[in-house]
file upload_13.cif (mmCIF, N, CA and C atoms)
data_protein
loop_
_atom_site.label_atom_id
_atom_site.label_comp_id
_atom_site.auth_asym_id
_atom_site.auth_seq_id
_atom_site.Cartn_x
_atom_site.Cartn_y
_atom_site.Cartn_z
N MET A 1 167.59 149.70 112.59
CA MET A 1 166.94 149.81 111.32
C MET A 1 165.62 150.54 111.53
N ALA A 2 165.33 151.47 110.74
CA ALA A 2 164.15 152.30 110.91
C ALA A 2 163.13 151.95 109.84
N PHE A 3 161.85 151.95 110.27
CA PHE A 3 160.77 151.69 109.33
C PHE A 3 160.08 153.00 109.04
N GLU A 4 159.74 153.15 107.80
CA GLU A 4 159.04 154.35 107.43
C GLU A 4 157.54 154.08 107.50
N ASN A 5 156.82 154.95 108.13
CA ASN A 5 155.40 154.73 108.36
C ASN A 5 154.65 155.99 107.94
N ASP A 6 153.53 155.77 107.19
CA ASP A 6 152.75 156.92 106.75
C ASP A 6 151.82 157.40 107.86
N HIS A 7 151.59 156.55 108.89
CA HIS A 7 150.67 156.91 109.96
C HIS A 7 151.40 157.72 111.03
N ALA A 8 150.70 158.64 111.56
CA ALA A 8 151.28 159.40 112.67
C ALA A 8 151.30 158.53 113.91
N SER A 9 152.19 158.80 114.78
CA SER A 9 152.28 157.97 115.97
C SER A 9 151.03 158.12 116.82
N GLY A 10 150.53 157.00 117.36
CA GLY A 10 149.35 157.00 118.20
C GLY A 10 148.06 156.78 117.43
N GLN A 11 148.10 156.69 116.14
CA GLN A 11 146.88 156.43 115.36
C GLN A 11 146.64 154.93 115.25
N LEU A 12 145.38 154.56 115.05
CA LEU A 12 145.02 153.16 114.87
C LEU A 12 145.26 152.72 113.44
N TRP A 13 145.65 151.47 113.32
CA TRP A 13 145.88 150.90 112.00
C TRP A 13 144.58 150.32 111.47
N GLY A 14 144.33 150.39 110.20
CA GLY A 14 143.12 149.84 109.59
C GLY A 14 143.38 148.54 108.87
N ASP A 15 144.54 147.92 109.01
CA ASP A 15 144.86 146.66 108.34
C ASP A 15 144.24 145.49 109.09
N ILE A 16 143.87 144.47 108.35
CA ILE A 16 143.28 143.28 108.95
C ILE A 16 144.39 142.28 109.25
N ASN A 17 144.38 141.76 110.47
CA ASN A 17 145.34 140.74 110.85
C ASN A 17 144.74 139.39 110.49
N VAL A 18 145.25 138.72 109.45
CA VAL A 18 144.67 137.48 108.95
C VAL A 18 145.21 136.25 109.66
N THR A 19 146.21 136.37 110.50
CA THR A 19 146.78 135.21 111.18
C THR A 19 145.77 134.49 112.06
N PRO A 20 144.97 135.17 112.89
CA PRO A 20 143.98 134.42 113.67
C PRO A 20 142.90 133.76 112.80
N MET A 21 142.57 134.40 111.69
CA MET A 21 141.58 133.79 110.79
C MET A 21 142.11 132.51 110.17
N ILE A 22 143.36 132.50 109.82
CA ILE A 22 143.96 131.30 109.24
C ILE A 22 144.03 130.20 110.29
N ASP A 23 144.32 130.53 111.53
CA ASP A 23 144.34 129.54 112.61
C ASP A 23 142.96 128.90 112.79
N VAL A 24 141.92 129.73 112.79
CA VAL A 24 140.56 129.20 112.93
C VAL A 24 140.21 128.32 111.73
N LEU A 25 140.60 128.74 110.54
CA LEU A 25 140.34 127.96 109.34
C LEU A 25 141.02 126.59 109.40
N LEU A 26 142.25 126.54 109.86
CA LEU A 26 142.96 125.27 109.95
C LEU A 26 142.34 124.35 111.00
N VAL A 27 141.89 124.92 112.12
CA VAL A 27 141.23 124.11 113.14
C VAL A 27 139.94 123.52 112.59
N LEU A 28 139.13 124.33 111.90
CA LEU A 28 137.90 123.82 111.29
C LEU A 28 138.19 122.75 110.24
N LEU A 29 139.24 122.94 109.47
CA LEU A 29 139.61 121.96 108.45
C LEU A 29 139.96 120.62 109.10
N VAL A 30 140.71 120.63 110.18
CA VAL A 30 141.06 119.40 110.89
C VAL A 30 139.81 118.74 111.47
N ILE A 31 138.90 119.53 112.04
CA ILE A 31 137.66 118.97 112.60
C ILE A 31 136.84 118.28 111.52
N PHE A 32 136.67 118.93 110.39
CA PHE A 32 135.89 118.31 109.31
C PHE A 32 136.57 117.10 108.71
N MET A 33 137.89 117.08 108.70
CA MET A 33 138.60 115.91 108.19
C MET A 33 138.43 114.71 109.13
N VAL A 34 138.30 114.98 110.42
CA VAL A 34 138.11 113.89 111.38
C VAL A 34 136.67 113.40 111.35
N ILE A 35 135.71 114.30 111.19
CA ILE A 35 134.29 113.93 111.22
C ILE A 35 133.83 113.27 109.92
N ALA A 36 134.39 113.65 108.80
CA ALA A 36 133.91 113.18 107.49
C ALA A 36 133.87 111.66 107.35
N PRO A 37 134.87 110.89 107.78
CA PRO A 37 134.77 109.43 107.62
C PRO A 37 133.71 108.81 108.54
N VAL A 38 133.31 109.48 109.61
CA VAL A 38 132.35 108.94 110.55
C VAL A 38 130.93 109.10 110.05
N MET A 39 130.65 110.12 109.24
CA MET A 39 129.30 110.37 108.75
C MET A 39 128.86 109.25 107.81
N PRO A 40 127.59 108.82 107.90
CA PRO A 40 127.10 107.76 107.02
C PRO A 40 126.96 108.27 105.58
N HIS A 41 127.19 107.38 104.67
CA HIS A 41 127.08 107.72 103.25
C HIS A 41 125.96 106.91 102.62
N GLY A 42 125.27 107.48 101.68
CA GLY A 42 124.24 106.77 100.93
C GLY A 42 122.93 106.69 101.68
N LEU A 43 122.00 105.94 101.09
CA LEU A 43 120.67 105.77 101.64
C LEU A 43 120.51 104.35 102.16
N GLU A 44 119.68 104.22 103.18
CA GLU A 44 119.38 102.89 103.69
C GLU A 44 118.24 102.32 102.88
N ALA A 45 118.36 101.08 102.46
CA ALA A 45 117.31 100.43 101.67
C ALA A 45 117.00 99.08 102.29
N ALA A 46 115.73 98.76 102.34
CA ALA A 46 115.31 97.46 102.83
C ALA A 46 115.18 96.54 101.63
N LEU A 47 116.15 95.69 101.45
CA LEU A 47 116.15 94.78 100.32
C LEU A 47 115.37 93.51 100.66
N PRO A 48 114.72 92.90 99.68
CA PRO A 48 114.00 91.67 99.97
C PRO A 48 114.98 90.55 100.31
N GLN A 49 114.59 89.76 101.28
CA GLN A 49 115.43 88.65 101.72
C GLN A 49 115.00 87.37 101.01
N ARG A 50 115.95 86.51 100.78
CA ARG A 50 115.66 85.23 100.15
C ARG A 50 114.89 84.37 101.12
N SER A 51 113.88 83.69 100.63
CA SER A 51 113.05 82.85 101.47
C SER A 51 113.83 81.63 101.92
N MET A 52 113.66 81.27 103.19
CA MET A 52 114.32 80.08 103.71
C MET A 52 113.65 78.81 103.21
N ASN A 53 112.37 78.91 102.89
CA ASN A 53 111.62 77.76 102.39
C ASN A 53 111.13 78.08 100.98
N PRO A 54 111.90 77.71 99.94
CA PRO A 54 111.53 78.10 98.58
C PRO A 54 110.32 77.33 98.03
N ASN A 55 109.88 76.28 98.70
CA ASN A 55 108.76 75.48 98.19
C ASN A 55 107.40 76.09 98.51
N VAL A 56 107.37 77.10 99.36
CA VAL A 56 106.11 77.72 99.74
C VAL A 56 105.62 78.61 98.59
N LYS A 57 104.39 78.36 98.16
CA LYS A 57 103.82 79.16 97.09
C LYS A 57 103.30 80.48 97.65
N PRO A 58 103.43 81.56 96.91
CA PRO A 58 102.87 82.82 97.39
C PRO A 58 101.35 82.75 97.41
N GLU A 59 100.75 83.46 98.35
CA GLU A 59 99.30 83.45 98.48
C GLU A 59 98.66 84.21 97.33
N ASN A 60 97.48 83.76 96.94
CA ASN A 60 96.75 84.48 95.90
C ASN A 60 96.34 85.84 96.45
N PRO A 61 96.44 86.86 95.62
CA PRO A 61 96.06 88.19 96.11
C PRO A 61 94.55 88.30 96.28
N ILE A 62 94.14 89.13 97.22
CA ILE A 62 92.72 89.40 97.46
C ILE A 62 92.33 90.58 96.56
N VAL A 63 91.40 90.33 95.64
CA VAL A 63 90.92 91.37 94.74
C VAL A 63 89.43 91.56 94.99
N VAL A 64 89.08 92.76 95.41
CA VAL A 64 87.68 93.11 95.60
C VAL A 64 87.25 93.89 94.36
N GLN A 65 86.28 93.31 93.64
CA GLN A 65 85.78 93.96 92.43
C GLN A 65 84.47 94.68 92.75
N ILE A 66 84.35 95.88 92.22
CA ILE A 66 83.12 96.64 92.34
C ILE A 66 82.55 96.78 90.93
N ILE A 67 81.41 96.14 90.70
CA ILE A 67 80.83 96.08 89.36
C ILE A 67 79.52 96.85 89.36
N SER A 68 79.39 97.73 88.41
CA SER A 68 78.18 98.53 88.29
C SER A 68 77.32 97.96 87.17
N ALA A 69 76.05 97.67 87.50
CA ALA A 69 75.12 97.16 86.50
C ALA A 69 74.46 98.35 85.79
N ARG A 70 73.78 98.07 84.70
CA ARG A 70 73.13 99.13 83.92
C ARG A 70 71.97 99.76 84.67
N ASP A 71 71.35 99.00 85.59
CA ASP A 71 70.21 99.53 86.32
C ASP A 71 70.63 100.40 87.51
N GLY A 72 71.93 100.61 87.71
CA GLY A 72 72.41 101.46 88.79
C GLY A 72 72.82 100.73 90.04
N PHE A 73 72.54 99.45 90.12
CA PHE A 73 72.93 98.68 91.30
C PHE A 73 74.40 98.30 91.21
N VAL A 74 75.02 98.22 92.38
CA VAL A 74 76.44 97.89 92.45
C VAL A 74 76.57 96.53 93.11
N SER A 75 77.40 95.66 92.51
CA SER A 75 77.66 94.35 93.11
C SER A 75 79.14 94.26 93.45
N TYR A 76 79.44 93.41 94.41
CA TYR A 76 80.80 93.27 94.92
C TYR A 76 81.23 91.82 94.82
N LYS A 77 82.50 91.60 94.53
CA LYS A 77 83.06 90.25 94.46
C LYS A 77 84.41 90.23 95.15
N ILE A 78 84.67 89.13 95.86
CA ILE A 78 86.00 88.88 96.41
C ILE A 78 86.55 87.70 95.66
N ASN A 79 87.56 87.94 94.84
CA ASN A 79 88.15 86.88 94.00
C ASN A 79 87.08 86.09 93.25
N GLN A 80 86.25 86.77 92.53
CA GLN A 80 85.19 86.22 91.69
C GLN A 80 84.04 85.59 92.46
N GLU A 81 83.99 85.74 93.76
CA GLU A 81 82.89 85.21 94.57
C GLU A 81 82.02 86.37 95.02
N SER A 82 80.75 86.34 94.65
CA SER A 82 79.83 87.43 94.96
C SER A 82 79.63 87.56 96.46
N VAL A 83 79.54 88.82 96.91
CA VAL A 83 79.34 89.12 98.32
C VAL A 83 78.57 90.44 98.41
N SER A 84 77.76 90.58 99.44
CA SER A 84 77.03 91.84 99.62
C SER A 84 77.91 92.82 100.39
N ILE A 85 77.53 94.10 100.33
CA ILE A 85 78.31 95.12 101.01
C ILE A 85 78.25 94.95 102.53
N GLU A 86 77.17 94.40 103.04
CA GLU A 86 77.03 94.22 104.49
C GLU A 86 77.98 93.15 105.02
N GLU A 87 78.20 92.12 104.24
CA GLU A 87 79.08 91.03 104.72
C GLU A 87 80.50 91.13 104.18
N LEU A 88 80.81 92.18 103.45
CA LEU A 88 82.15 92.36 102.89
C LEU A 88 83.21 92.48 103.99
N GLY A 89 82.94 93.26 105.02
CA GLY A 89 83.90 93.45 106.10
C GLY A 89 84.18 92.17 106.87
N SER A 90 83.13 91.42 107.18
CA SER A 90 83.34 90.18 107.94
C SER A 90 84.07 89.13 107.11
N ARG A 91 83.78 89.08 105.82
CA ARG A 91 84.48 88.11 104.96
C ARG A 91 85.96 88.47 104.83
N LEU A 92 86.25 89.76 104.67
CA LEU A 92 87.65 90.17 104.58
C LEU A 92 88.38 89.94 105.90
N SER A 93 87.71 90.16 107.02
CA SER A 93 88.33 89.91 108.33
C SER A 93 88.69 88.44 108.49
N SER A 94 87.79 87.55 108.07
CA SER A 94 88.09 86.12 108.18
C SER A 94 89.23 85.71 107.24
N ILE A 95 89.32 86.33 106.09
CA ILE A 95 90.41 86.01 105.15
C ILE A 95 91.75 86.51 105.71
N PHE A 96 91.77 87.75 106.22
CA PHE A 96 93.02 88.32 106.72
C PHE A 96 93.46 87.72 108.05
N SER A 97 92.57 87.07 108.78
CA SER A 97 92.96 86.48 110.06
C SER A 97 93.88 85.28 109.89
N VAL A 98 93.83 84.62 108.75
CA VAL A 98 94.67 83.44 108.53
C VAL A 98 95.85 83.73 107.60
N ARG A 99 95.99 84.96 107.15
CA ARG A 99 97.06 85.31 106.22
C ARG A 99 98.17 86.09 106.92
N ALA A 100 99.38 85.82 106.49
CA ALA A 100 100.50 86.60 106.99
C ALA A 100 100.63 87.90 106.19
N GLU A 101 100.29 87.84 104.92
CA GLU A 101 100.38 88.99 104.04
C GLU A 101 98.99 89.59 103.88
N ARG A 102 98.79 90.78 104.40
CA ARG A 102 97.46 91.41 104.40
C ARG A 102 97.40 92.51 103.35
N VAL A 103 97.37 92.06 102.10
CA VAL A 103 97.33 92.97 100.96
C VAL A 103 96.02 92.78 100.23
N MET A 104 95.39 93.88 99.87
CA MET A 104 94.11 93.83 99.17
C MET A 104 94.17 94.78 97.98
N PHE A 105 93.57 94.35 96.87
CA PHE A 105 93.46 95.19 95.69
C PHE A 105 91.99 95.48 95.44
N VAL A 106 91.70 96.68 95.00
CA VAL A 106 90.34 97.09 94.67
C VAL A 106 90.31 97.39 93.19
N LYS A 107 89.41 96.70 92.48
CA LYS A 107 89.24 96.91 91.04
C LYS A 107 87.80 97.34 90.81
N ALA A 108 87.61 98.50 90.24
CA ALA A 108 86.28 99.06 90.07
C ALA A 108 86.07 99.48 88.63
N ASP A 109 84.79 99.58 88.25
CA ASP A 109 84.46 100.10 86.94
C ASP A 109 84.87 101.56 86.84
N ASP A 110 85.14 102.00 85.63
CA ASP A 110 85.66 103.35 85.43
C ASP A 110 84.68 104.46 85.81
N HIS A 111 83.42 104.24 85.64
CA HIS A 111 82.45 105.31 85.82
C HIS A 111 81.83 105.34 87.22
N LEU A 112 82.33 104.58 88.16
CA LEU A 112 81.81 104.61 89.53
C LEU A 112 82.28 105.85 90.26
N SER A 113 81.49 106.27 91.24
CA SER A 113 81.88 107.45 92.02
C SER A 113 83.00 107.09 92.99
N PHE A 114 83.74 108.11 93.38
CA PHE A 114 84.84 107.91 94.31
C PHE A 114 84.34 107.46 95.68
N ALA A 115 83.16 107.91 96.08
CA ALA A 115 82.61 107.54 97.39
C ALA A 115 82.39 106.04 97.48
N THR A 116 81.96 105.42 96.40
CA THR A 116 81.74 103.97 96.40
C THR A 116 83.05 103.22 96.59
N ILE A 117 84.08 103.67 95.91
CA ILE A 117 85.39 103.02 96.01
C ILE A 117 86.01 103.29 97.39
N ALA A 118 85.87 104.51 97.88
CA ALA A 118 86.43 104.85 99.18
C ALA A 118 85.76 104.05 100.29
N ARG A 119 84.48 103.75 100.14
CA ARG A 119 83.78 102.94 101.15
C ARG A 119 84.38 101.54 101.23
N VAL A 120 84.70 100.94 100.07
CA VAL A 120 85.31 99.60 100.05
C VAL A 120 86.72 99.65 100.64
N VAL A 121 87.46 100.72 100.35
CA VAL A 121 88.81 100.87 100.91
C VAL A 121 88.73 100.99 102.43
N ASP A 122 87.76 101.74 102.93
CA ASP A 122 87.58 101.88 104.38
C ASP A 122 87.21 100.55 105.02
N ILE A 123 86.34 99.79 104.36
CA ILE A 123 85.95 98.48 104.89
C ILE A 123 87.16 97.55 104.93
N GLY A 124 87.97 97.58 103.88
CA GLY A 124 89.18 96.75 103.85
C GLY A 124 90.18 97.13 104.92
N LYS A 125 90.36 98.42 105.14
CA LYS A 125 91.28 98.87 106.19
C LYS A 125 90.77 98.46 107.56
N GLY A 126 89.45 98.56 107.76
CA GLY A 126 88.87 98.15 109.02
C GLY A 126 88.92 96.65 109.24
N ALA A 127 88.97 95.88 108.14
CA ALA A 127 89.03 94.43 108.24
C ALA A 127 90.44 93.93 108.52
N GLY A 128 91.44 94.82 108.43
CA GLY A 128 92.80 94.40 108.77
C GLY A 128 93.79 94.43 107.63
N ALA A 129 93.44 95.02 106.50
CA ALA A 129 94.38 95.10 105.38
C ALA A 129 95.46 96.13 105.69
N ASN A 130 96.71 95.72 105.54
CA ASN A 130 97.83 96.63 105.78
C ASN A 130 98.12 97.49 104.57
N GLN A 131 97.98 96.89 103.40
CA GLN A 131 98.25 97.60 102.15
C GLN A 131 97.07 97.41 101.23
N ILE A 132 96.63 98.50 100.60
CA ILE A 132 95.51 98.45 99.68
C ILE A 132 95.95 99.11 98.39
N GLY A 133 95.79 98.38 97.30
CA GLY A 133 96.15 98.89 95.98
C GLY A 133 94.91 99.06 95.13
N LEU A 134 94.97 100.03 94.23
CA LEU A 134 93.87 100.27 93.31
C LEU A 134 94.28 99.80 91.93
N LEU A 135 93.42 99.01 91.28
CA LEU A 135 93.68 98.50 89.95
C LEU A 135 92.82 99.25 88.95
N THR A 136 93.36 99.49 87.78
CA THR A 136 92.59 100.09 86.71
C THR A 136 92.03 98.99 85.83
N SER A 137 91.24 99.39 84.86
CA SER A 137 90.63 98.38 83.99
C SER A 137 91.68 97.72 83.10
N ARG A 138 92.83 98.33 82.91
CA ARG A 138 93.89 97.73 82.08
C ARG A 138 94.83 96.82 82.86
N ASP A 139 94.79 96.87 84.19
CA ASP A 139 95.68 96.07 85.01
C ASP A 139 95.25 94.61 85.03
N LYS A 140 96.22 93.73 84.91
CA LYS A 140 95.98 92.28 85.03
C LYS A 140 96.67 91.80 86.28
N LEU A 141 96.00 90.95 87.04
CA LEU A 141 96.61 90.43 88.27
C LEU A 141 96.53 88.94 88.30
#

call {"tool": "encode", "arguments": {"input": "upload_13.cif", "output": "structure tokens"}}
result
Amino acid sequence: MAFENDHASGQLWGDINVTPMIDVLLVLLVIFMVIAPVMPHGLEAALPQRSMNPNVKPENPIVVQIISARDGFVSYKINQESVSIEELGSRLSSIFSVRAERVMFVKADDHLSFATIARVVDIGKGAGANQIGLLTSRDKL
């Protein structure tokens, strides 16, 4: 049986041989089918665990208030107890030394400068607070 060919003998063919490409495609498909069930799905989340001792009351949060008076002086309070800026760090250190939860909130007047608030945040971090939250004038705690 004779085949008719438009190419002269000895010339190169310009056709693409797709058989090796299909072989590579099938191998990749099998690899991805094997790997897909092994890959983790979703996000990891740390869910809160139920307390083993439900009778334990949660600790009162530590709220440091920064109050600005009309004469320009600033006063500080830890949970409604007045404290000076010099002894703020030592008082917070003594509070956090006996607590398992080292969370502090800072509540300041709206018109105070950021430097004043940042100074209290730095003192709290130096005293051992792990988490520091900022409260606005509308927040209730």

call {"tool": "residues_around", "arguments": {"input": "upload_13.cif", "residues": "Lys125 in chain A", "least_positions_apart": "3", "cutoff": "10 Å", "atoms": "only C-alpha atoms", "output": "PyMOL selection string"}}
result
chain A and resi 89+92-93+102-104+119-122+128-132

call {"tool": "resolve_selection", "arguments": {"input": "upload_13.cif", "expression": "the PyMOL selection byres ((chain A and resi 78) around 7)", "output": "number ranges by chain"}}
result
A: 62-65, 76-77, 79-83

call {"tool": "closest_residue", "arguments": {"input": "upload_13.cif", "among": "A:Thr136, A:Ser84, A:Ser94, A:Asn60", "to": "Lys107 in chain A", "atoms": "only N, CA and C atoms"}}
result
A:Thr136

call {"tool": "select_by_dssp", "arguments": {"input": "upload_13.cif", "residues": "chain A", "states": "strand (DSSP E or B)", "output": "number ranges by chain"}}
result
A: 62-68, 74-78, 81-83, 103-108, 131-135

call {"tool": "write_last_selection", "arguments": {"input": "upload_13.cif", "atoms": "N, CA and C atoms", "output": "mmCIF file, keeping the file's coordinate frame"}}
result
data_model
loop_
_atom_site.group_PDB
_atom_site.id
_atom_site.type_symbol
_atom_site.label_atom_id
_atom_site.label_comp_id
_atom_site.auth_asym_id
_atom_site.auth_seq_id
_atom_site.Cartn_x
_atom_site.Cartn_y
_atom_site.Cartn_z
ATOM 1 N N ILE A 62 94.140 89.130 97.220
ATOM 2 C CA ILE A 62 92.720 89.400 97.460
ATOM 3 C C ILE A 62 92.330 90.580 96.560
ATOM 4 N N VAL A 63 91.400 90.330 95.640
ATOM 5 C CA VAL A 63 90.920 91.370 94.740
ATOM 6 C C VAL A 63 89.430 91.560 94.990
ATOM 7 N N VAL A 64 89.080 92.760 95.410
ATOM 8 C CA VAL A 64 87.680 93.110 95.600
ATOM 9 C C VAL A 64 87.250 93.890 94.360
ATOM 10 N N GLN A 65 86.280 93.310 93.640
ATOM 11 C CA GLN A 65 85.780 93.960 92.430
ATOM 12 C C GLN A 65 84.470 94.680 92.750
ATOM 13 N N ILE A 66 84.350 95.880 92.220
ATOM 14 C CA ILE A 66 83.120 96.640 92.340
ATOM 15 C C ILE A 66 82.550 96.780 90.930
ATOM 16 N N ILE A 67 81.410 96.140 90.700
ATOM 17 C CA ILE A 67 80.830 96.080 89.360
ATOM 18 C C ILE A 67 79.520 96.850 89.360
ATOM 19 N N SER A 68 79.390 97.730 88.410
ATOM 20 C CA SER A 68 78.180 98.530 88.290
ATOM 21 C C SER A 68 77.320 97.960 87.170
ATOM 22 N N VAL A 74 75.020 98.220 92.380
ATOM 23 C CA VAL A 74 76.440 97.890 92.450
ATOM 24 C C VAL A 74 76.570 96.530 93.110
ATOM 25 N N SER A 75 77.400 95.660 92.510
ATOM 26 C CA SER A 75 77.660 94.350 93.110
ATOM 27 C C SER A 75 79.140 94.260 93.450
ATOM 28 N N TYR A 76 79.440 93.410 94.410
ATOM 29 C CA TYR A 76 80.800 93.270 94.920
ATOM 30 C C TYR A 76 81.230 91.820 94.820
ATOM 31 N N LYS A 77 82.500 91.600 94.530
ATOM 32 C CA LYS A 77 83.060 90.250 94.460
ATOM 33 C C LYS A 77 84.410 90.230 95.150
ATOM 34 N N ILE A 78 84.670 89.130 95.860
ATOM 35 C CA ILE A 78 86.000 88.880 96.410
ATOM 36 C C ILE A 78 86.550 87.700 95.660
ATOM 37 N N GLU A 81 83.990 85.740 93.760
ATOM 38 C CA GLU A 81 82.890 85.210 94.570
ATOM 39 C C GLU A 81 82.020 86.370 95.020
ATOM 40 N N SER A 82 80.750 86.340 94.650
ATOM 41 C CA SER A 82 79.830 87.430 94.960
ATOM 42 C C SER A 82 79.630 87.560 96.460
ATOM 43 N N VAL A 83 79.540 88.820 96.910
ATOM 44 C CA VAL A 83 79.340 89.120 98.320
ATOM 45 C C VAL A 83 78.570 90.440 98.410
ATOM 46 N N VAL A 103 97.370 92.060 102.100
ATOM 47 C CA VAL A 103 97.330 92.970 100.960
ATOM 48 C C VAL A 103 96.020 92.780 100.230
ATOM 49 N N MET A 104 95.390 93.880 99.870
ATOM 50 C CA MET A 104 94.110 93.830 99.170
ATOM 51 C C MET A 104 94.170 94.780 97.980
ATOM 52 N N PHE A 105 93.570 94.350 96.870
ATOM 53 C CA PHE A 105 93.460 95.190 95.690
ATOM 54 C C PHE A 105 91.990 95.480 95.440
ATOM 55 N N VAL A 106 91.700 96.680 95.000
ATOM 56 C CA VAL A 106 90.340 97.090 94.670
ATOM 57 C C VAL A 106 90.310 97.390 93.190
ATOM 58 N N LYS A 107 89.410 96.700 92.480
ATOM 59 C CA LYS A 107 89.240 96.910 91.040
ATOM 60 C C LYS A 107 87.800 97.340 90.810
ATOM 61 N N ALA A 108 87.610 98.500 90.240
ATOM 62 C CA ALA A 108 86.280 99.060 90.070
ATOM 63 C C ALA A 108 86.070 99.480 88.630
ATOM 64 N N GLN A 131 97.980 96.890 103.400
ATOM 65 C CA GLN A 131 98.250 97.600 102.150
ATOM 66 C C GLN A 131 97.070 97.410 101.230
ATOM 67 N N ILE A 132 96.630 98.500 100.600
ATOM 68 C CA ILE A 132 95.510 98.450 99.680
ATOM 69 C C ILE A 132 95.950 99.110 98.390
ATOM 70 N N GLY A 133 95.790 98.380 97.300
ATOM 71 C CA GLY A 133 96.150 98.890 95.980
ATOM 72 C C GLY A 133 94.910 99.060 95.130
ATOM 73 N N LEU A 134 94.970 100.030 94.230
ATOM 74 C CA LEU A 134 93.870 100.270 93.310
ATOM 75 C C LEU A 134 94.280 99.800 91.930
ATOM 76 N N LEU A 135 93.420 99.010 91.280
ATOM 77 C CA LEU A 135 93.680 98.500 89.950
ATOM 78 C C LEU A 135 92.820 99.250 88.950
#

call {"tool": "atom_distance", "arguments": {"input": "upload_13.cif", "atom1": "CA of Leu112 in chain A", "atom2": "CA of Ser75 in chain A"}}
result
11.6 Å

call {"tool": "decode", "arguments": {"input": "upload_13.cif", "residues": "range 112-117 of chain A", "atoms": "all heavy atoms", "output": "CSV table (one decimal), in the first residue's frame"}}
result
chain,number,residue,atom,x,y,z
A,112,LEU,N,-6.1,64.4,74.5
A,112,LEU,CA,-4.7,64.2,75.0
A,112,LEU,C,-3.8,63.9,73.8
A,112,LEU,O,-4.2,63.4,72.8
A,112,LEU,CB,-4.6,63.1,76.0
A,112,LEU,CG,-5.1,63.4,77.4
A,112,LEU,CD1,-5.1,62.1,78.2
A,112,LEU,CD2,-4.2,64.4,78.0
A,113,SER,N,-2.5,64.3,73.9
A,113,SER,CA,-1.6,64.0,72.8
A,113,SER,C,-1.2,62.5,72.8
A,113,SER,O,-1.3,61.8,73.8
A,113,SER,CB,-0.3,64.8,73.0
A,113,SER,OG,0.4,64.3,74.2
A,114,PHE,N,-0.8,62.1,71.6
A,114,PHE,CA,-0.4,60.7,71.4
A,114,PHE,C,0.8,60.3,72.3
A,114,PHE,O,0.9,59.2,72.8
A,114,PHE,CB,-0.1,60.4,70.0
A,114,PHE,CG,0.3,59.0,69.7
A,114,PHE,CD1,-0.6,57.9,69.8
A,114,PHE,CD2,1.6,58.7,69.5
A,114,PHE,CE1,-0.2,56.6,69.5
A,114,PHE,CE2,2.1,57.4,69.2
A,114,PHE,CZ,1.1,56.4,69.3
A,115,ALA,N,1.7,61.2,72.5
A,115,ALA,CA,2.9,60.9,73.3
A,115,ALA,C,2.5,60.6,74.7
A,115,ALA,O,3.2,59.7,75.3
A,115,ALA,CB,3.8,62.1,73.3
A,116,THR,N,1.5,61.2,75.3
A,116,THR,CA,1.1,60.9,76.6
A,116,THR,C,0.6,59.5,76.7
A,116,THR,O,0.9,58.7,77.7
A,116,THR,CB,0.1,61.9,77.1
A,116,THR,OG1,0.6,63.2,76.9
A,116,THR,CG2,-0.3,61.7,78.6
A,117,ILE,N,-0.2,59.1,75.8
A,117,ILE,CA,-0.8,57.8,75.7
A,117,ILE,C,0.3,56.7,75.5
A,117,ILE,O,0.3,55.6,76.1
A,117,ILE,CB,-2.0,57.7,74.7
A,117,ILE,CG1,-3.1,58.7,75.1
A,117,ILE,CG2,-2.6,56.3,74.6
A,117,ILE,CD1,-4.1,59.0,74.1
